[in-house]
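The file query.txt contains compact mmCIF, C-alpha atoms (C1' of nucleotides):
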```
# COMPACT_ATOMS: atom_id res chain seq x y z
CA MET Z 1 103.26 52.24 131.58
CA GLN Z 2 100.60 54.64 132.69
CA LYS Z 3 97.81 55.04 130.21
CA LEU Z 4 96.84 58.45 129.00
CA LEU Z 5 93.95 59.08 126.67
CA ILE Z 6 94.11 62.29 124.68
CA VAL Z 7 91.15 64.02 123.12
CA CYS Z 8 92.35 66.93 121.01
CA GLY Z 9 91.31 69.00 118.01
CA PRO Z 10 90.04 72.46 117.25
CA THR Z 11 87.63 74.42 119.32
CA GLY Z 12 83.95 73.60 119.23
CA THR Z 13 84.07 69.97 118.21
CA GLY Z 14 82.61 68.64 121.43
CA LYS Z 15 85.79 67.34 122.98
CA THR Z 16 84.59 67.72 126.53
CA ASN Z 17 81.30 66.02 125.80
CA LEU Z 18 83.07 63.10 124.28
CA ALA Z 19 85.49 63.00 127.17
CA LEU Z 20 82.56 62.88 129.56
CA THR Z 21 81.10 59.80 127.91
CA LEU Z 22 84.48 58.16 127.71
CA ALA Z 23 85.09 58.95 131.35
CA LYS Z 24 81.92 57.19 132.28
CA LYS Z 25 82.62 54.14 130.14
CA PHE Z 26 86.25 53.72 131.05
CA ASN Z 27 86.32 54.94 134.59
CA GLY Z 28 88.20 58.04 133.69
CA GLU Z 29 88.77 61.59 134.83
CA ILE Z 30 89.02 64.61 132.62
CA VAL Z 31 92.02 66.88 132.51
CA SER Z 32 91.72 70.10 130.53
CA ALA Z 33 94.53 71.06 128.16
CA ASP Z 34 93.51 74.61 127.54
CA SER Z 35 95.62 77.69 128.05
CA ARG Z 36 92.64 79.88 128.93
CA GLN Z 37 90.52 77.67 131.09
CA VAL Z 38 93.34 77.77 133.60
CA TYR Z 39 92.12 81.21 134.59
CA LYS Z 40 89.63 81.61 137.37
CA GLU Z 41 86.63 83.79 136.59
CA LEU Z 42 87.04 83.44 132.85
CA ASN Z 43 84.12 81.09 132.44
CA ILE Z 44 81.76 82.04 129.68
CA GLY Z 45 84.33 83.16 127.14
CA THR Z 46 86.62 80.20 127.62
CA GLY Z 47 83.75 77.79 127.33
CA LYS Z 48 84.27 75.96 130.56
CA ASP Z 49 81.89 73.08 130.74
CA LEU Z 50 80.75 72.57 134.26
CA PRO Z 51 78.85 69.31 134.42
CA GLN Z 52 77.33 68.76 137.84
CA GLY Z 53 79.21 66.50 140.15
CA ILE Z 54 82.12 65.91 137.83
CA LYS Z 55 85.52 67.37 138.48
CA ILE Z 56 87.48 68.62 135.52
CA TRP Z 57 91.15 69.05 136.34
CA GLY Z 58 93.09 71.93 134.92
CA TYR Z 59 90.40 74.54 135.32
CA ASP Z 60 90.86 77.60 137.53
CA LEU Z 61 94.52 77.16 138.30
CA VAL Z 62 95.39 80.84 138.57
CA ASP Z 63 94.03 84.30 139.16
CA PRO Z 64 93.28 86.22 135.95
CA LYS Z 65 95.75 88.91 136.96
CA GLN Z 66 98.59 86.43 136.91
CA LYS Z 67 100.79 85.18 134.15
CA PHE Z 68 100.81 81.55 133.28
CA SER Z 69 102.87 79.37 131.03
CA VAL Z 70 103.30 75.85 129.74
CA SER Z 71 105.92 75.11 132.31
CA GLU Z 72 103.54 75.63 135.18
CA TYR Z 73 100.91 73.69 133.36
CA GLU Z 74 103.26 70.80 132.82
CA ASN Z 75 104.25 70.65 136.46
CA ILE Z 76 100.76 70.82 137.81
CA ILE Z 77 99.17 68.48 135.33
CA ASN Z 78 101.82 65.80 135.50
CA ASN Z 79 101.03 65.53 139.18
CA VAL Z 80 97.34 65.47 138.51
CA ILE Z 81 97.73 62.69 136.00
CA GLU Z 82 99.88 60.69 138.31
CA ASP Z 83 97.32 61.06 141.04
CA ILE Z 84 94.52 59.91 138.77
CA SER Z 85 96.51 56.90 137.68
CA ASN Z 86 97.35 56.06 141.28
CA ARG Z 87 93.68 55.87 142.00
CA ASN Z 88 93.37 53.40 139.14
CA LYS Z 89 91.48 55.71 136.93
CA LEU Z 90 92.09 56.68 133.34
CA PRO Z 91 93.29 60.24 132.81
CA ILE Z 92 91.71 61.81 129.74
CA LEU Z 93 93.66 64.84 128.58
CA THR Z 94 91.18 66.97 126.71
CA GLY Z 95 91.78 70.25 124.97
CA GLY Z 96 92.82 72.34 122.02
CA THR Z 97 96.08 73.87 123.15
CA GLY Z 98 98.59 71.82 121.21
CA LEU Z 99 101.63 73.04 123.06
CA TYR Z 100 100.12 72.11 126.40
CA ILE Z 101 99.38 68.61 125.23
CA LYS Z 102 102.88 68.36 123.86
CA SER Z 103 104.33 69.40 127.19
CA ILE Z 104 102.64 66.47 128.88
CA VAL Z 105 103.20 63.87 126.23
CA ASP Z 106 106.64 64.75 124.96
CA GLY Z 107 107.94 67.24 127.47
CA ILE Z 108 109.48 70.57 126.60
CA GLY Z 109 113.22 70.56 126.92
CA THR Z 110 113.71 74.18 127.79
CA ALA Z 111 110.74 74.44 130.10
CA SER Z 112 112.87 74.45 133.21
CA ILE Z 113 114.59 77.65 132.16
CA ALA Z 114 112.62 80.41 133.79
CA PRO Z 115 112.10 83.84 132.29
CA ASN Z 116 114.83 86.29 133.18
CA LEU Z 117 113.03 89.55 133.73
CA ASN Z 118 116.20 91.61 133.96
CA LEU Z 119 117.43 90.25 130.69
CA ARG Z 120 114.08 90.85 129.08
CA ALA Z 121 114.14 94.43 130.26
CA THR Z 122 117.50 95.07 128.64
CA LEU Z 123 116.29 93.49 125.41
CA GLU Z 124 113.12 95.52 125.35
CA GLY Z 125 112.74 97.64 122.26
CA LYS Z 126 115.50 96.03 120.27
CA THR Z 127 114.78 95.22 116.66
CA PRO Z 128 114.70 91.63 115.43
CA PRO Z 129 118.05 91.94 113.60
CA GLU Z 130 119.65 93.26 116.78
CA LEU Z 131 118.15 90.46 118.81
CA PHE Z 132 119.29 87.94 116.28
CA ASP Z 133 122.87 89.22 116.52
CA ILE Z 134 122.78 88.95 120.27
CA LEU Z 135 121.50 85.41 120.03
CA ALA Z 136 124.19 84.53 117.53
CA GLN Z 137 126.83 85.68 119.99
CA PHE Z 138 125.48 83.47 122.73
CA ASP Z 139 124.64 80.46 120.64
CA SER Z 140 125.44 80.55 116.96
CA LEU Z 141 124.08 77.08 116.42
CA LYS Z 142 120.70 77.95 117.79
CA ALA Z 143 120.66 81.14 115.78
CA ALA Z 144 121.51 79.31 112.60
CA SER Z 145 118.82 76.75 113.23
CA MET Z 146 116.01 79.26 113.53
CA ASN Z 147 113.61 79.50 110.64
CA GLN Z 148 112.80 82.65 108.68
CA SER Z 149 109.75 83.58 110.65
CA ASP Z 150 111.25 83.00 114.07
CA ARG Z 151 114.25 85.10 113.19
CA VAL Z 152 112.03 88.13 113.05
CA ASN Z 153 109.76 87.16 115.89
CA PRO Z 154 110.88 89.30 118.83
CA ARG Z 155 109.19 87.13 121.40
CA ARG Z 156 110.89 83.98 120.19
CA LEU Z 157 114.24 85.68 119.82
CA VAL Z 158 114.13 87.00 123.35
CA ARG Z 159 113.28 83.56 124.68
CA ALA Z 160 116.05 81.99 122.62
CA ILE Z 161 118.53 84.47 124.04
CA GLU Z 162 117.21 83.76 127.50
CA VAL Z 163 117.72 80.04 127.03
CA ALA Z 164 121.17 80.50 125.54
CA GLU Z 165 122.21 82.95 128.21
CA SER Z 166 121.17 80.63 131.01
CA GLY Z 167 123.80 78.16 129.94
CA VAL Z 168 121.51 75.33 130.98
CA LYS Z 169 121.86 72.26 128.89
CA ILE Z 170 118.60 71.27 127.30
CA THR Z 171 117.53 67.77 128.01
CA GLN Z 172 114.91 66.21 125.88
CA ARG Z 173 112.89 63.29 127.11
CA ASN Z 174 113.72 60.41 124.83
CA LYS Z 175 111.21 57.80 125.80
CA PRO Z 176 107.52 58.38 126.22
CA LYS Z 177 106.25 58.81 129.70
CA TYR Z 178 102.78 57.51 129.01
CA ASP Z 179 101.14 54.90 126.91
CA SER Z 180 98.90 57.31 125.08
CA LEU Z 181 96.17 57.13 122.51
CA PHE Z 182 95.49 60.28 120.52
CA ILE Z 183 91.93 60.94 119.46
CA GLY Z 184 91.38 63.98 117.25
CA LEU Z 185 88.00 65.55 116.62
CA THR Z 186 87.27 67.68 113.55
CA ARG Z 187 84.42 68.94 111.52
CA PRO Z 188 84.39 70.06 107.88
CA GLN Z 189 85.39 73.68 107.24
CA GLU Z 190 81.98 74.54 105.80
CA LEU Z 191 80.30 73.74 109.07
CA VAL Z 192 82.73 75.59 111.29
CA LYS Z 193 81.41 79.07 110.60
CA ASN Z 194 77.84 78.30 111.50
CA GLN Z 195 78.82 76.47 114.58
CA ILE Z 196 81.02 79.29 115.79
CA GLU Z 197 78.45 81.97 115.07
CA LYS Z 198 75.95 80.09 117.12
CA ARG Z 199 78.32 79.65 119.97
CA VAL Z 200 79.37 83.28 120.06
CA GLN Z 201 75.71 84.29 120.16
CA GLU Z 202 75.17 81.93 123.05
CA ARG Z 203 78.08 83.26 125.02
CA PHE Z 204 76.89 86.78 124.46
CA LYS Z 205 73.50 85.85 125.81
CA GLN Z 206 75.04 84.04 128.73
CA GLY Z 207 76.47 87.35 129.79
CA ILE Z 208 80.05 87.66 128.63
CA VAL Z 209 79.81 91.43 128.95
CA GLU Z 210 78.78 91.10 132.56
CA GLU Z 211 81.63 88.70 133.19
CA ILE Z 212 84.15 91.14 131.76
CA LYS Z 213 82.67 93.97 133.76
CA ASN Z 214 83.26 91.99 136.91
CA LEU Z 215 86.80 91.11 135.91
CA LEU Z 216 87.59 94.77 135.32
CA LYS Z 217 86.01 95.66 138.63
CA ASP Z 218 88.27 93.15 140.32
CA GLY Z 219 91.30 94.89 138.91
CA VAL Z 220 92.00 92.77 135.87
CA THR Z 221 93.32 94.95 133.05
CA TRP Z 222 93.24 94.65 129.28
CA ASP Z 223 96.98 94.10 129.31
CA ASP Z 224 96.77 91.01 131.44
CA GLN Z 225 97.58 87.80 129.66
CA SER Z 226 94.20 86.35 130.48
CA MET Z 227 92.49 89.19 128.67
CA SER Z 228 94.20 88.36 125.41
CA SER Z 229 91.73 85.51 125.16
CA MET Z 230 89.12 85.40 122.46
CA GLY Z 231 85.77 86.58 123.62
CA TYR Z 232 87.48 89.07 125.92
CA LYS Z 233 90.03 91.08 123.97
CA GLU Z 234 87.48 91.97 121.31
CA TRP Z 235 85.46 93.90 123.89
CA LYS Z 236 88.17 96.38 124.76
CA ASP Z 237 86.94 98.99 122.28
CA TYR Z 238 83.38 98.39 123.30
CA PHE Z 239 84.23 99.30 126.86
CA ALA Z 240 86.09 102.33 125.55
CA ASP Z 241 82.86 103.22 123.80
CA THR Z 242 84.37 103.20 120.35
CA LYS Z 243 82.88 99.99 119.03
CA GLU Z 244 79.44 98.53 118.79
CA VAL Z 245 78.32 95.13 119.94
CA LYS Z 246 77.63 93.98 116.41
CA GLU Z 247 81.17 94.76 115.35
CA VAL Z 248 82.63 93.09 118.40
CA LEU Z 249 80.71 89.90 117.80
CA LYS Z 250 81.78 89.86 114.18
CA GLU Z 251 85.44 90.13 115.12
CA TRP Z 252 85.03 87.52 117.78
CA VAL Z 253 83.60 85.07 115.25
CA GLN Z 254 86.42 85.83 112.81
CA ASN Z 255 89.03 85.26 115.46
CA GLU Z 256 87.52 81.96 116.46
CA ILE Z 257 87.44 80.74 112.88
CA ALA Z 258 91.04 81.76 112.33
CA TYR Z 259 91.95 80.00 115.54
CA VAL Z 260 90.40 76.76 114.37
CA LYS Z 261 92.66 76.94 111.33
CA ARG Z 262 95.77 77.59 113.36
CA GLN Z 263 94.92 74.72 115.63
CA MET Z 264 94.57 72.42 112.64
CA VAL Z 265 97.93 73.52 111.29
CA TRP Z 266 99.44 72.38 114.56
CA PHE Z 267 97.54 69.14 115.05
CA LYS Z 268 97.77 67.99 111.45
CA LYS Z 269 101.47 67.53 111.87
CA ASP Z 270 101.10 65.04 114.69
CA LYS Z 271 100.84 61.70 112.98
CA ARG Z 272 99.90 59.94 116.19
CA ILE Z 273 96.42 61.36 116.09
CA PHE Z 274 93.48 59.27 114.93
CA TRP Z 275 90.96 61.64 113.44
CA PHE Z 276 87.19 61.47 113.71
CA ASP Z 277 84.77 63.73 111.89
CA VAL Z 278 82.08 64.71 114.35
CA SER Z 279 79.64 65.55 111.58
CA GLY Z 280 79.62 61.89 110.66
CA LEU Z 281 76.94 59.62 111.99
CA ASN Z 282 78.52 56.76 113.84
CA TYR Z 283 81.92 58.07 114.62
CA GLN Z 284 81.51 57.64 118.33
CA GLU Z 285 80.92 53.93 118.08
CA LYS Z 286 84.10 53.36 116.13
CA LEU Z 287 85.98 55.62 118.41
CA GLU Z 288 84.90 53.81 121.54
CA LYS Z 289 85.90 50.53 120.04
CA MET Z 290 89.35 51.88 119.42
CA VAL Z 291 89.68 53.19 122.93
CA LYS Z 292 88.43 49.95 124.37
CA LYS Z 293 90.97 47.93 122.48
CA TRP Z 294 93.80 50.22 123.50
CA TYR Z 295 92.67 50.33 127.11
CA ALA Z 296 92.53 46.59 127.38
CA SER Z 297 95.96 46.04 125.90
C1' G X 1 66.23 120.87 89.06
C1' C X 2 70.49 123.77 91.00
C1' U X 3 75.11 123.91 93.92
C1' A X 4 79.11 121.31 96.32
C1' G X 5 81.70 116.81 97.24
C1' G X 6 82.18 111.86 95.68
C1' G X 7 82.38 106.89 92.79
C1' U X 8 89.50 102.95 93.22
C1' G X 9 90.69 95.54 94.86
C1' G X 10 86.58 91.12 99.17
C1' U X 11 86.38 95.73 102.76
C1' G X 12 88.21 100.54 104.75
C1' G X 13 91.30 103.83 102.45
C1' A X 14 95.96 106.22 99.76
C1' G X 15 97.27 107.89 94.98
C1' U X 16 95.48 113.53 91.38
C1' G X 17 99.72 112.83 84.17
C1' G X 18 104.79 108.35 83.65
C1' U X 19 108.44 104.45 88.71
C1' C X 20 100.31 101.72 89.44
C1' U X 21 98.10 95.65 90.19
C1' A X 22 97.65 100.56 92.76
C1' A X 23 100.61 102.58 99.65
C1' C X 24 98.75 101.18 104.43
C1' A X 25 95.28 98.45 107.17
C1' C X 26 91.60 94.68 107.59
C1' A X 27 89.50 90.27 105.70
C1' C X 28 91.02 85.86 103.20
C1' G X 29 94.65 81.65 101.93
C1' A X 30 99.12 78.91 103.21
C1' G X 31 102.62 78.14 107.02
C1' A X 32 106.14 78.52 111.49
C1' C X 33 106.23 77.82 116.56
C1' U X 34 110.57 73.62 122.96
C1' G X 35 108.30 78.75 129.35
C1' U X 36 103.08 84.58 126.83
C1' A X 37 100.53 79.37 122.32
C1' A X 38 92.98 81.77 122.32
C1' A X 39 99.85 84.34 122.24
C1' U X 40 103.67 85.67 118.73
C1' C X 41 105.67 85.53 113.88
C1' U X 42 106.39 84.53 108.24
C1' C X 43 104.77 84.20 103.24
C1' G X 44 100.87 84.84 99.55
C1' C X 45 96.63 87.56 98.07
C1' G X 46 93.64 90.81 89.80
C1' C X 47 93.96 86.68 85.89
C1' C X 48 97.08 82.69 83.25
C1' G X 49 101.87 80.22 84.35
C1' C X 50 106.32 75.69 87.98
C1' A X 51 109.01 79.81 86.30
C1' A X 52 110.65 83.38 83.06
C1' G X 53 106.93 86.08 81.49
C1' G X 54 102.24 87.47 79.47
C1' C X 55 97.29 89.66 79.95
C1' U X 56 93.70 92.92 82.32
C1' U X 57 92.03 96.80 86.18
C1' C X 58 90.53 102.45 89.22
C1' G X 59 81.41 103.67 87.82
C1' G X 60 80.04 103.39 81.82
C1' G X 61 81.30 105.53 77.06
C1' G X 62 84.19 108.91 74.23
C1' G X 63 88.44 112.28 73.81
C1' U X 64 93.42 114.91 74.76
C1' U X 65 98.56 113.03 75.29
C1' C X 66 104.41 109.60 73.47
C1' A X 67 101.94 108.29 78.33
C1' A X 68 95.60 108.83 82.12
C1' A X 69 93.05 106.05 88.26
C1' U X 70 94.97 111.04 87.60
C1' C X 71 93.20 116.23 82.33
C1' C X 72 88.52 117.27 79.07
C1' C X 73 83.34 115.86 77.36
C1' U X 74 79.16 112.95 78.26
C1' C X 75 76.04 109.42 80.69
C1' C X 76 74.82 106.65 85.22
C1' C X 77 74.93 106.39 90.54
C1' C X 78 75.81 108.18 95.81
C1' U X 79 76.10 112.05 99.81
C1' A X 80 75.19 117.02 101.77
C1' G X 81 72.93 121.80 101.14
C1' C X 82 69.41 124.70 98.29
C1' A X 83 64.95 124.61 95.56
```
Take the structure in the file and write it out as structure tokens.
Amino acid sequence: MQKLLIVCGPTGTGKTNLALTLAKKFNGEIVSADSRQVYKELNIGTGKDLPQGIKIWGYDLVDPKQKFSVSEYENIINNVIEDISNRNKLPILTGGTGLYIKSIVDGIGTASIAPNLNLRATLEGKTPPELFDILAQFDSLKAASMNQSDRVNPRRLVRAIEVAESGVKITQRNKPKYDSLFIGLTRPQELVKNQIEKRVQERFKQGIVEEIKNLLKDGVTWDDQSMSSMGYKEWKDYFADTKEVKEVLKEWVQNEIAYVKRQMVWFKKDKRIFWFDVSGLNYQEKLEKMVKKWYAS
RNA sequence: GCUAGGGUGGUGGAGUGGUCUAACACACGAGACUGUAAAUCUCGCGCCGCAAGGCUUCGGGGGUUCAAAUCCCUCCCCUAGCA
């Protein structure tokens, strides 16, 4: 089976750096699993690492004016991984977007069902209870299986209706496609805040404002999906002249910290992950040993 | 010093005699999530308790009232204007 090394975990734990060393040691290539680095021109805010001479797959897949989703990611990246493997190299899937990693490792059963814009238009503006009723008519089982929060989540309800309405039978991959090893990187909560503050400062100095200015000049709007990214969306009011830099940076930091927590909620549930605390001293040594053993098997 | 307006939870900010632990929002905590996932959504958020329930809050103190964040007195502090 094809080997796939996964380096996951919350933002700002040095995943890419680690992946770079591992790539060198194990003859690997890095594949980004990040829902925002797929956008061209969003460089500073999405924290794209651009080491000289090394290609990172999964960056710059689409124009920032376009929509993007897991399904496209899955299609593109599965090919990329296959290509890397065919060249006898080790693909290293590196990133913090849990759903994207899941799409590669486990597959997403409903991913083949494309959005139905007409349907979405007719559902627009309906309340969650109304949407839930509609879903129940199409697929009572699905409706019954939804949890309390999804039942009032318009976005999820619309998608569920879309899936049900398509009549497509969902097929779930039952055996793993890759022989994968999951490496998770974390750092203690107390250290997260400092780290993030520092990073936000850096990105500000690197010229995030300038980058956004250029995006807007190129016709990207605040409503575009790409602009809902952290480090971008917070600047909307600044550009409208109703918020000061200080306030923007504060919100940005808050959002990043909250994001780290949400990421951990997701990753914690995946028992396949072997966790390493990057604030520890010799974690990398142990980690490499583990990878080596797995790679040789 | 005078005049006017204020002091409410971690923050902004409602409430102006009873239904007030106090709207709403933010922050914070916990969580959900199979085509937007850095998105979207849920729950919690004074204190004690698994719960039932109990206890305590609206600058400090005193008072009126069956009942006060809300009315009165007084003290402290803030803001604006005048001296």
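Residues surrounding Gly12 of chain Z within 9 Å are Thr186, Val192, Gln195, Ile196, Arg199 and Val260 of chain Z [all atoms listed in the file; sequence separation below 6 positions excluded].
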re atom CA of Asp277 of chain Z and atom CA of Thr13 of chain Z: distance 8.9 Å
Report task. Considering all atoms listed in the file, return as a PyMOL selection string whatever protein or nucleic-acid residues lie within 9 Å of Asp106 of chain Z, sequence-local ones (same chain, fewer than 5 positions apart) excluded. Result -> chain Z and resi 101+172-177
Report as a PDB file with C-alpha atoms, in the coordinates of the input the set of chain Z residues whose atoms approach chain X to within 6 Å, with distances computed over all atoms listed in the file.
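And here is the file that came out, part15.pdb:
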```
ATOM      1  CA  SER Z  69     102.870  79.370 131.030  1.00  0.00           C
ATOM      2  CA  VAL Z  70     103.300  75.850 129.740  1.00  0.00           C
ATOM      3  CA  SER Z  71     105.920  75.110 132.310  1.00  0.00           C
ATOM      4  CA  ILE Z 108     109.480  70.570 126.600  1.00  0.00           C
ATOM      5  CA  GLY Z 109     113.220  70.560 126.920  1.00  0.00           C
ATOM      6  CA  THR Z 110     113.710  74.180 127.790  1.00  0.00           C
ATOM      7  CA  ALA Z 111     110.740  74.440 130.100  1.00  0.00           C
ATOM      8  CA  SER Z 149     109.750  83.580 110.650  1.00  0.00           C
ATOM      9  CA  ASN Z 153     109.760  87.160 115.890  1.00  0.00           C
ATOM     10  CA  SER Z 229      91.730  85.510 125.160  1.00  0.00           C
ATOM     11  CA  MET Z 230      89.120  85.400 122.460  1.00  0.00           C
TER      12      MET Z 230
END
```
The distance between atom CA of Gln37 of chain Z and atom CA of Val163 of chain Z is 27.6 Å
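As for atom CA of Gly58 of chain Z and atom CA of Glu256 of chain Z, they are spaced 21.7 Å apart.
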